[in-house]
file input-v1.cif (mmCIF, C-alpha atoms)
data_structure
#
loop_
_atom_site.group_PDB
_atom_site.id
_atom_site.type_symbol
_atom_site.label_atom_id
_atom_site.label_comp_id
_atom_site.auth_asym_id
_atom_site.auth_seq_id
_atom_site.Cartn_x
_atom_site.Cartn_y
_atom_site.Cartn_z
ATOM 1 C CA MET A 262 181.483 -50.095 -5.066
ATOM 2 C CA LYS A 263 178.150 -51.944 -5.328
ATOM 3 C CA LYS A 264 177.891 -54.173 -8.378
ATOM 4 C CA THR A 265 175.019 -53.461 -10.748
ATOM 5 C CA ARG A 266 172.787 -56.480 -11.221
ATOM 6 C CA LYS A 267 172.322 -57.581 -14.814
ATOM 7 C CA GLN A 268 168.828 -57.396 -16.257
ATOM 8 C CA GLY A 269 167.228 -60.788 -16.526
ATOM 9 C CA GLY A 270 169.462 -62.118 -13.788
ATOM 10 C CA GLY A 271 168.183 -63.767 -10.676
ATOM 11 C CA ARG A 272 168.293 -66.976 -8.788
ATOM 12 C CA LYS A 273 169.432 -69.887 -10.893
ATOM 13 C CA LYS A 274 167.099 -72.814 -11.287
ATOM 14 C CA LEU A 275 167.873 -75.681 -8.967
ATOM 15 C CA LYS A 276 167.027 -78.052 -11.810
ATOM 16 C CA PRO A 277 167.753 -76.200 -15.064
ATOM 17 C CA GLU A 278 167.008 -79.363 -17.032
ATOM 18 C CA TYR A 279 163.480 -79.608 -15.605
ATOM 19 C CA ASP A 280 160.894 -78.283 -18.039
ATOM 20 C CA THR A 281 157.363 -78.138 -16.613
ATOM 21 C CA GLY A 282 155.746 -77.791 -20.014
ATOM 22 C CA LYS A 283 157.691 -80.675 -21.509
ATOM 23 C CA ASN A 284 156.999 -82.841 -18.462
ATOM 24 C CA LEU A 285 153.250 -82.206 -18.588
ATOM 25 C CA LYS A 286 153.170 -82.821 -22.336
ATOM 26 C CA GLU A 287 154.915 -86.186 -21.918
ATOM 27 C CA GLN A 288 152.556 -87.152 -19.086
ATOM 28 C CA MET A 289 149.562 -86.176 -21.208
ATOM 29 C CA GLU A 290 150.694 -88.229 -24.187
ATOM 30 C CA SER A 291 151.357 -91.247 -21.962
ATOM 31 C CA ALA A 292 147.937 -90.875 -20.327
ATOM 32 C CA VAL A 293 146.249 -90.704 -23.740
ATOM 33 C CA THR A 294 148.062 -93.834 -24.916
ATOM 34 C CA PHE A 295 146.888 -95.796 -21.866
ATOM 35 C CA TYR A 296 143.375 -94.346 -22.118
ATOM 36 C CA ASP A 297 143.266 -95.386 -25.761
ATOM 37 C CA SER A 298 143.820 -98.979 -24.621
ATOM 38 C CA GLU A 299 140.733 -98.600 -22.374
ATOM 39 C CA MET A 300 142.568 -98.488 -19.046
ATOM 40 C CA SER A 301 140.714 -96.888 -16.117
ATOM 41 C CA LEU A 302 141.808 -93.571 -14.620
ATOM 42 C CA GLN A 303 142.998 -95.396 -11.512
ATOM 43 C CA ALA A 304 145.022 -97.894 -13.544
ATOM 44 C CA ILE A 305 146.597 -95.079 -15.592
ATOM 45 C CA GLY A 306 147.393 -93.229 -12.379
ATOM 46 C CA ASP A 307 149.082 -96.311 -10.937
ATOM 47 C CA GLU A 308 151.121 -96.677 -14.106
ATOM 48 C CA LEU A 309 152.246 -93.029 -14.169
ATOM 49 C CA GLY A 310 152.480 -92.451 -10.434
ATOM 50 C CA LEU A 311 149.695 -89.836 -10.524
ATOM 51 C CA ASN A 312 146.351 -89.569 -8.773
ATOM 52 C CA PRO A 313 143.261 -90.251 -10.948
ATOM 53 C CA ILE A 314 142.134 -86.599 -10.766
ATOM 54 C CA LYS A 315 145.366 -85.396 -12.367
ATOM 55 C CA VAL A 316 145.053 -88.143 -14.990
ATOM 56 C CA ARG A 317 141.557 -86.899 -15.807
ATOM 57 C CA LYS A 318 142.806 -83.311 -16.099
ATOM 58 C CA LEU A 319 145.562 -84.447 -18.469
ATOM 59 C CA LEU A 320 143.005 -86.268 -20.624
ATOM 60 C CA ILE A 321 140.699 -83.227 -20.597
ATOM 61 C CA THR A 322 143.637 -81.063 -21.718
ATOM 62 C CA ALA A 323 144.284 -83.563 -24.512
ATOM 63 C CA GLY A 324 140.650 -83.275 -25.550
ATOM 64 C CA VAL A 325 139.870 -86.986 -25.249
ATOM 65 C CA TYR A 326 137.977 -87.265 -21.953
ATOM 66 C CA GLU A 327 134.198 -86.875 -21.974
ATOM 67 C CA SER A 328 131.574 -86.972 -19.241
ATOM 68 C CA GLU A 329 128.356 -85.150 -18.426
ATOM 69 C CA VAL A 330 129.999 -83.266 -15.532
ATOM 70 C CA ALA A 331 133.069 -82.320 -17.587
ATOM 71 C CA GLU A 332 130.862 -80.976 -20.373
ATOM 72 C CA LYS A 333 128.710 -79.010 -17.921
ATOM 73 C CA VAL A 334 131.740 -77.475 -16.194
ATOM 74 C CA LYS A 335 133.349 -76.585 -19.528
ATOM 75 C CA ASN A 336 130.225 -74.927 -20.946
ATOM 76 C CA THR A 337 129.427 -73.022 -17.751
ATOM 77 C CA PHE A 338 133.017 -71.828 -17.323
ATOM 78 C CA GLU A 339 133.319 -70.700 -20.941
ATOM 79 C CA GLU A 340 130.056 -68.758 -20.639
ATOM 80 C CA TYR A 341 131.307 -66.859 -17.579
ATOM 81 C CA ARG A 342 134.746 -66.428 -19.138
ATOM 82 C CA GLU A 343 133.245 -64.204 -21.834
ATOM 83 C CA THR A 344 132.658 -61.456 -19.254
ATOM 84 C CA GLN A 345 134.924 -62.401 -16.320
ATOM 85 C CA ASP A 346 138.606 -63.065 -15.715
ATOM 86 C CA TYR A 347 139.805 -66.632 -15.145
ATOM 87 C CA LYS A 348 139.646 -66.571 -11.352
ATOM 88 C CA ASN A 349 136.153 -65.071 -11.104
ATOM 89 C CA ALA A 350 134.844 -67.377 -13.866
ATOM 90 C CA ILE A 351 135.930 -70.350 -11.734
ATOM 91 C CA LEU A 352 134.189 -68.906 -8.653
ATOM 92 C CA SER A 353 130.994 -68.250 -10.633
ATOM 93 C CA THR A 354 131.059 -71.754 -12.114
ATOM 94 C CA SER A 355 131.591 -73.193 -8.645
ATOM 95 C CA SER A 356 128.594 -71.295 -7.273
ATOM 96 C CA THR A 357 126.302 -72.132 -10.185
ATOM 97 C CA LEU A 358 127.058 -75.863 -10.253
ATOM 98 C CA GLN A 359 127.427 -76.219 -6.479
ATOM 99 C CA LEU A 360 130.920 -77.644 -6.842
ATOM 100 C CA SER A 361 134.058 -76.747 -4.914
ATOM 101 C CA LYS A 362 136.589 -74.483 -6.582
ATOM 102 C CA ALA A 363 139.075 -77.372 -6.620
ATOM 103 C CA SER A 364 136.525 -79.626 -8.307
ATOM 104 C CA VAL A 365 135.796 -77.056 -11.017
ATOM 105 C CA THR A 366 139.514 -76.583 -11.665
ATOM 106 C CA SER A 367 140.013 -80.340 -11.916
ATOM 107 C CA TYR A 368 137.564 -80.449 -14.845
ATOM 108 C CA LEU A 369 139.316 -77.666 -16.772
ATOM 109 C CA PRO A 370 142.376 -78.125 -19.013
ATOM 110 C CA TYR A 371 145.807 -76.998 -17.909
ATOM 111 C CA GLN A 372 146.410 -73.355 -18.810
ATOM 112 C CA LYS A 373 150.192 -73.326 -18.780
ATOM 113 C CA GLY A 374 152.880 -75.668 -19.955
ATOM 114 C CA VAL A 375 150.840 -77.751 -22.384
ATOM 115 C CA TYR A 376 149.098 -77.026 -25.644
ATOM 116 C CA PHE A 377 145.356 -77.058 -26.187
ATOM 117 C CA PRO A 378 144.630 -79.710 -28.824
ATOM 118 C CA SER A 379 141.241 -78.165 -29.628
ATOM 119 C CA THR A 380 142.947 -74.992 -30.862
ATOM 120 C CA ALA A 381 146.471 -76.145 -31.698
ATOM 121 C CA SER A 382 147.576 -76.940 -35.223
ATOM 122 C CA LYS A 383 147.558 -80.641 -36.049
ATOM 123 C CA GLU A 384 151.366 -80.688 -36.102
ATOM 124 C CA LYS A 385 151.359 -80.084 -32.333
ATOM 125 C CA ILE A 386 148.835 -82.773 -31.441
ATOM 126 C CA SER A 387 150.129 -86.115 -30.237
ATOM 127 C CA VAL A 388 149.320 -89.139 -32.378
ATOM 128 C CA GLY A 389 147.369 -90.740 -29.536
ATOM 129 C CA ALA A 390 145.297 -87.627 -28.877
ATOM 130 C CA GLU A 391 144.572 -87.248 -32.579
ATOM 131 C CA ARG A 392 143.460 -90.865 -32.903
ATOM 132 C CA GLN A 393 141.257 -90.574 -29.801
ATOM 133 C CA ARG A 394 139.685 -87.392 -31.119
ATOM 134 C CA ARG A 395 138.722 -89.112 -34.378
ATOM 135 C CA TYR A 396 137.407 -92.178 -32.570
ATOM 136 C CA ARG A 397 135.242 -90.133 -30.221
ATOM 137 C CA ALA A 398 133.903 -87.939 -33.023
ATOM 138 C CA MET A 399 132.815 -91.082 -34.876
ATOM 139 C CA LYS A 400 131.353 -92.578 -31.707
ATOM 140 C CA ARG A 401 129.376 -89.373 -31.107
ATOM 141 C CA TRP A 402 127.989 -89.450 -34.647
ATOM 142 C CA ARG A 403 127.015 -93.130 -34.466
ATOM 143 C CA ALA A 404 125.132 -92.454 -31.226
ATOM 144 C CA ASP A 405 123.431 -89.384 -32.697
ATOM 145 C CA PRO A 406 123.735 -89.377 -36.524
ATOM 146 C CA THR A 407 123.068 -85.701 -37.152
ATOM 147 C CA GLU A 408 124.651 -83.679 -39.930
ATOM 148 C CA GLU A 409 126.427 -81.548 -37.327
ATOM 149 C CA ASN A 410 128.016 -84.586 -35.669
ATOM 150 C CA PHE A 411 129.155 -85.947 -39.019
ATOM 151 C CA TRP A 412 130.754 -82.599 -39.779
ATOM 152 C CA GLY A 413 132.658 -83.119 -36.531
ATOM 153 C CA VAL A 414 133.993 -86.412 -37.926
ATOM 154 C CA VAL A 415 135.089 -84.774 -41.178
ATOM 155 C CA LEU A 416 136.883 -82.007 -39.260
ATOM 156 C CA THR A 417 138.932 -84.473 -37.207
ATOM 157 C CA TYR A 418 140.176 -86.261 -40.351
ATOM 158 C CA ALA A 419 141.563 -83.112 -42.009
ATOM 159 C CA GLY A 420 145.154 -83.774 -43.081
ATOM 160 C CA VAL A 421 144.813 -87.558 -42.820
ATOM 161 C CA LYS A 422 145.977 -89.625 -45.796
ATOM 162 C CA PHE A 423 143.307 -91.390 -47.875
ATOM 163 C CA LYS A 424 143.356 -93.406 -51.092
ATOM 164 C CA THR A 425 140.979 -93.370 -54.028
ATOM 165 C CA TYR A 426 139.375 -96.414 -55.664
ATOM 166 C CA SER A 427 142.428 -96.697 -57.939
ATOM 167 C CA GLY A 428 144.891 -96.333 -55.053
ATOM 168 C CA LEU A 429 145.905 -92.700 -55.588
ATOM 169 C CA PRO A 430 146.766 -90.962 -52.287
ATOM 170 C CA PHE A 431 145.111 -87.708 -51.243
ATOM 171 C CA SER A 432 144.243 -85.634 -48.216
ATOM 172 C CA TYR A 433 142.055 -82.606 -47.575
ATOM 173 C CA GLU A 434 142.141 -79.383 -45.605
ATOM 174 C CA ILE A 435 139.299 -77.196 -44.357
ATOM 175 C CA LYS A 436 139.911 -73.472 -44.311
ATOM 176 C CA LYS A 437 138.470 -70.822 -42.028
ATOM 177 C CA GLY A 438 136.546 -67.826 -43.265
ATOM 178 C CA ARG A 439 136.889 -64.199 -42.193
ATOM 179 C CA ASN A 440 134.679 -64.841 -39.167
ATOM 180 C CA GLY A 441 137.133 -67.456 -37.919
ATOM 181 C CA GLU A 442 134.739 -70.359 -38.487
ATOM 182 C CA TYR A 443 135.383 -73.287 -40.807
ATOM 183 C CA THR A 444 133.872 -73.055 -44.274
ATOM 184 C CA LYS A 445 131.756 -75.996 -45.394
ATOM 185 C CA GLU A 446 134.181 -76.816 -48.197
ATOM 186 C CA LEU A 447 137.028 -79.328 -48.381
ATOM 187 C CA TRP A 448 140.170 -78.657 -50.398
ATOM 188 C CA ILE A 449 141.540 -81.869 -51.872
ATOM 189 C CA ASP A 450 145.308 -82.106 -52.230
ATOM 190 C CA ARG A 451 146.368 -84.462 -55.013
ATOM 191 C CA ARG A 452 149.896 -83.083 -55.525
ATOM 192 C CA GLU A 453 148.564 -80.950 -58.334
ATOM 193 C CA LYS A 454 146.035 -78.123 -58.240
ATOM 194 C CA SER A 455 143.768 -78.305 -55.214
ATOM 195 C CA LYS A 456 140.175 -79.237 -55.944
ATOM 196 C CA SER A 457 137.234 -78.180 -53.824
ATOM 197 C CA LEU A 458 134.674 -80.632 -52.489
ATOM 198 C CA ALA A 459 131.351 -79.260 -51.290
ATOM 199 C CA TRP A 460 129.927 -80.391 -47.959
ATOM 200 C CA SER A 461 126.513 -80.849 -49.613
ATOM 201 C CA SER A 462 128.050 -83.495 -51.908
ATOM 202 C CA ILE A 463 129.341 -85.464 -48.909
ATOM 203 C CA VAL A 464 125.961 -85.326 -47.181
ATOM 204 C CA LEU A 465 124.227 -86.518 -50.360
ATOM 205 C CA ALA A 466 126.646 -89.452 -50.746
ATOM 206 C CA LEU A 467 126.153 -90.381 -47.086
ATOM 207 C CA LYS A 468 122.422 -90.744 -47.668
ATOM 208 C CA ASN A 469 123.080 -92.935 -50.708
ATOM 209 C CA ILE A 470 124.966 -95.675 -48.855
ATOM 210 C CA LYS A 471 123.114 -98.930 -49.553
ATOM 211 C CA GLY A 472 124.506 -102.028 -47.877
ATOM 212 C CA GLU A 473 127.936 -102.536 -46.348
ATOM 213 C CA VAL A 474 129.997 -103.300 -49.476
ATOM 214 C CA VAL A 475 129.983 -100.506 -52.057
ATOM 215 C CA ASP A 476 131.440 -101.791 -55.337
ATOM 216 C CA ARG A 477 132.553 -98.483 -56.833
ATOM 217 C CA PRO A 478 132.386 -94.716 -56.251
ATOM 218 C CA LYS A 479 129.479 -94.150 -58.660
ATOM 219 C CA ALA A 480 127.347 -96.452 -56.482
ATOM 220 C CA LEU A 481 127.190 -93.520 -54.055
ATOM 221 C CA GLY A 482 125.627 -91.378 -56.766
ATOM 222 C CA ASP A 483 126.575 -89.232 -59.742
ATOM 223 C CA ILE A 484 128.194 -86.660 -57.468
ATOM 224 C CA ARG A 485 131.076 -84.277 -58.145
ATOM 225 C CA GLY A 486 134.118 -85.493 -56.239
ATOM 226 C CA VAL A 487 132.578 -88.875 -55.379
ATOM 227 C CA THR A 488 135.953 -90.573 -56.028
ATOM 228 C CA TYR A 489 137.339 -88.776 -52.986
ATOM 229 C CA ILE A 490 134.191 -89.261 -50.917
ATOM 230 C CA TYR A 491 134.439 -93.021 -51.564
ATOM 231 C CA GLY A 492 137.980 -93.058 -50.172
ATOM 232 C CA MET A 493 136.913 -90.990 -47.162
ATOM 233 C CA PHE A 494 133.955 -93.192 -46.302
ATOM 234 C CA TYR A 495 136.122 -96.308 -46.517
ATOM 235 C CA ARG A 496 138.717 -94.810 -44.178
ATOM 236 C CA PHE A 497 135.944 -93.690 -41.810
ATOM 237 C CA GLY A 498 134.736 -97.298 -41.678
ATOM 238 C CA LEU A 499 131.301 -96.406 -43.103
ATOM 239 C CA ILE A 500 131.581 -98.693 -46.121
ATOM 240 C CA ASP A 501 133.473 -101.795 -47.159
ATOM 241 C CA VAL A 502 134.953 -102.367 -50.613
ATOM 242 C CA PRO A 503 135.559 -105.462 -52.770
ATOM 243 C CA ASP A 504 138.661 -107.486 -51.859
ATOM 244 C CA LYS A 505 140.416 -106.640 -55.121
ATOM 245 C CA VAL A 506 139.968 -102.935 -54.365
ATOM 246 C CA LYS A 507 141.382 -103.347 -50.852
ATOM 247 C CA GLU A 508 144.689 -104.319 -52.418
ATOM 248 C CA LYS A 509 144.927 -100.778 -53.802
ATOM 249 C CA MET A 510 143.230 -98.858 -51.001
ATOM 250 C CA GLY A 511 144.606 -100.816 -48.050
ATOM 251 C CA HIS A 512 142.681 -101.443 -44.863
ATOM 252 C CA PRO A 513 140.928 -98.569 -43.081
ATOM 253 C CA LYS A 514 142.691 -97.557 -39.835
ATOM 254 C CA THR A 515 139.559 -96.690 -37.948
ATOM 255 C CA HIS A 516 137.006 -98.048 -35.514
ATOM 256 C CA LYS A 517 134.111 -99.849 -37.119
ATOM 257 C CA LYS A 518 130.712 -100.562 -35.635
#

call {"tool": "encode", "arguments": {"input": "input-v1.cif", "output": "structure tokens"}}
result
Amino acid sequence: MKKTRKQGGGRKKLKPEYDTGKNLKEQMESAVTFYDSEMSLQAIGDELGLNPIKVRKLLITAGVYESEVAEKVKNTFEEYRETQDYKNAILSTSSTLQLSKASVTSYLPYQKGVYFPSTASKEKISVGAERQRRYRAMKRWRADPTEENFWGVVLTYAGVKFKTYSGLPFSYEIKKGRNGEYTKELWIDRREKSKSLAWSSIVLALKNIKGEVVDRPKALGDIRGVTYIYGMFYRFGLIDVPDKVKEKMGHPKTHKK
């Protein structure tokens, strides 16, 4: 009598311990760490035993690689993706930009096996990728100091630990509205009731920075929540504080000018 095959059965994996997703994630985090130390794509590839194109794709997936071509491919692909499936969006992007299909694919993040840092919760983002994202957001704002680019900086620091002038720790979160977009309001967590901090207050304080060393929060203006803004700006590397205050606030872990 013929045996009935169990559902879900099939050929056993030759390497049951091999996890494609886990492998790609580890490669991505290693690539980001090397990239953070300013190694070239070729040097990273030599270190990881990968070709530079795969290294670039890993870095794009991590959200830390930027170039004019990468940005153009991403924007064009996403535009076509609104009305086409993945395969046809690649073909359309290839035709529009006069690039080979393989070239277009090489500038897009991995679809399977790894997370997308741009949409993943911060708990799933590697430390290196998170640090690179903050660094590049700040670099983008310094090159083009628009309000929109500064908002990008503030977004990347959500959940990061700060300290006030008196050394009290705090962090902030930014919630999304019903339309799925972030609201221009920060929610300060001070281990008690959350307090809201308006984006307009941050922008006002930014315009009030006079000189590198800012003696106290009120020097940024009589603004609601300026105590927290002071701590944020110090961590961002936008201001310096008196030496005696550094003992309570620590040293900012960020890239300065």

call {"tool": "closest_residue", "arguments": {"input": "input-v1.cif", "among": "A:Tyr396, A:Arg496, A:Asn349, A:Arg317", "to": "Val421 (chain A)", "atoms": "all atoms listed in the file"}}
result
A:Arg496

call {"tool": "residues_around", "arguments": {"input": "input-v1.cif", "residues": "Ile463 (chain A)", "least_positions_apart": "4", "cutoff": "7 Å", "atoms": "all atoms listed in the file", "output": "list in words"}}
result
Ala459, Leu467 and Ile490 of chain A

call {"tool": "atom_distance", "arguments": {"input": "input-v1.cif", "atom1": "CA of Leu447 (chain A)", "atom2": "CA of Asp501 (chain A)"}}
result
22.8 Å

call {"tool": "residues_around", "arguments": {"input": "input-v1.cif", "residues": "region 422-431 of chain A", "least_positions_apart": "6", "cutoff": "6 Å", "atoms": "all atoms listed in the file", "output": "MDAnalysis selection string"}}
result
chainID A and resid 450:451 489 492 509:510

call {"tool": "closest_residue", "arguments": {"input": "input-v1.cif", "among": "A:Gln393, A:Asn336, A:Gln372, A:Ser356", "to": "Thr294 (chain A)", "atoms": "only C-alpha atoms"}}
result
A:Gln393

call {"tool": "residues_around", "arguments": {"input": "input-v1.cif", "residues": "Val414 (chain A)", "least_positions_apart": "6", "cutoff": "7 Å", "atoms": "all atoms listed in the file", "output": "list of chain:residue names"}}
result
A:Arg395, A:Ala398, A:Met399

call {"tool": "axis_aligned_box", "arguments": {"input": "input-v1.cif", "around": "region 433-451 of chain A", "padding_each_side": "5 Å", "output": "JSON"}}
result
{"center_x": 139.1, "center_y": -74.3, "center_z": -46.5, "size_x": 24.6, "size_y": 30.3, "size_z": 27.1}

call {"tool": "atom_distance", "arguments": {"input": "input-v1.cif", "atom1": "CA of Val330 (chain A)", "atom2": "CA of Phe295 (chain A)"}}
result
22.0 Å

call {"tool": "resolve_selection", "arguments": {"input": "input-v1.cif", "expression": "the PyMOL selection byres ((chain A and resi 460) around 9)", "output": "VMD selection string"}}
result
chain A and resid 412 445 to 447 458 to 459 461 to 465

call {"tool": "resolve_selection", "arguments": {"input": "input-v1.cif", "expression": "the PyMOL selection byres ((chain A and resi 471) around 12)", "output": "list of chain:residue names"}}
result
A:Ala466, A:Leu467, A:Lys468, A:Asn469, A:Ile470, A:Gly472, A:Glu473, A:Val474, A:Val475, A:Asp476, A:Arg477, A:Ala480, A:Leu481, A:Gly482, A:Leu499, A:Ile500, A:Asp501

call {"tool": "resolve_selection", "arguments": {"input": "input-v1.cif", "expression": "the PyMOL selection byres ((chain A and resi 367) around 10)", "output": "ChimeraX atom specification"}}
result
/A:314-319,321,331,334,361-366,368-371

call {"tool": "write_last_selection", "arguments": {"input": "input-v1.cif", "atoms": "C-alpha atoms", "output": "PDB file, keeping the file's coordinate frame"}}
result
ATOM      1  CA  ILE A 314     142.134 -86.599 -10.766  1.00  0.00           C
ATOM      2  CA  LYS A 315     145.366 -85.396 -12.367  1.00  0.00           C
ATOM      3  CA  VAL A 316     145.053 -88.143 -14.990  1.00  0.00           C
ATOM      4  CA  ARG A 317     141.557 -86.899 -15.807  1.00  0.00           C
ATOM      5  CA  LYS A 318     142.806 -83.311 -16.099  1.00  0.00           C
ATOM      6  CA  LEU A 319     145.562 -84.447 -18.469  1.00  0.00           C
ATOM      7  CA  ILE A 321     140.699 -83.227 -20.597  1.00  0.00           C
ATOM      8  CA  ALA A 331     133.069 -82.320 -17.587  1.00  0.00           C
ATOM      9  CA  VAL A 334     131.740 -77.475 -16.194  1.00  0.00           C
ATOM     10  CA  SER A 361     134.058 -76.747  -4.914  1.00  0.00           C
ATOM     11  CA  LYS A 362     136.589 -74.483  -6.582  1.00  0.00           C
ATOM     12  CA  ALA A 363     139.075 -77.372  -6.620  1.00  0.00           C
ATOM     13  CA  SER A 364     136.525 -79.626  -8.307  1.00  0.00           C
ATOM     14  CA  VAL A 365     135.796 -77.056 -11.017  1.00  0.00           C
ATOM     15  CA  THR A 366     139.514 -76.583 -11.665  1.00  0.00           C
ATOM     16  CA  TYR A 368     137.564 -80.449 -14.845  1.00  0.00           C
ATOM     17  CA  LEU A 369     139.316 -77.666 -16.772  1.00  0.00           C
ATOM     18  CA  PRO A 370     142.376 -78.125 -19.013  1.00  0.00           C
ATOM     19  CA  TYR A 371     145.807 -76.998 -17.909  1.00  0.00           C
TER      20      TYR A 371
END

call {"tool": "closest_residue", "arguments": {"input": "input-v1.cif", "among": "A:Leu320, A:Gly486, A:Glu409, A:Glu332", "to": "Ser291 (chain A)", "atoms": "only C-alpha atoms"}}
result
A:Leu320

call {"tool": "atom_distance", "arguments": {"input": "input-v1.cif", "atom1": "CA of Lys333 (chain A)", "atom2": "CA of Arg397 (chain A)"}}
result
17.8 Å
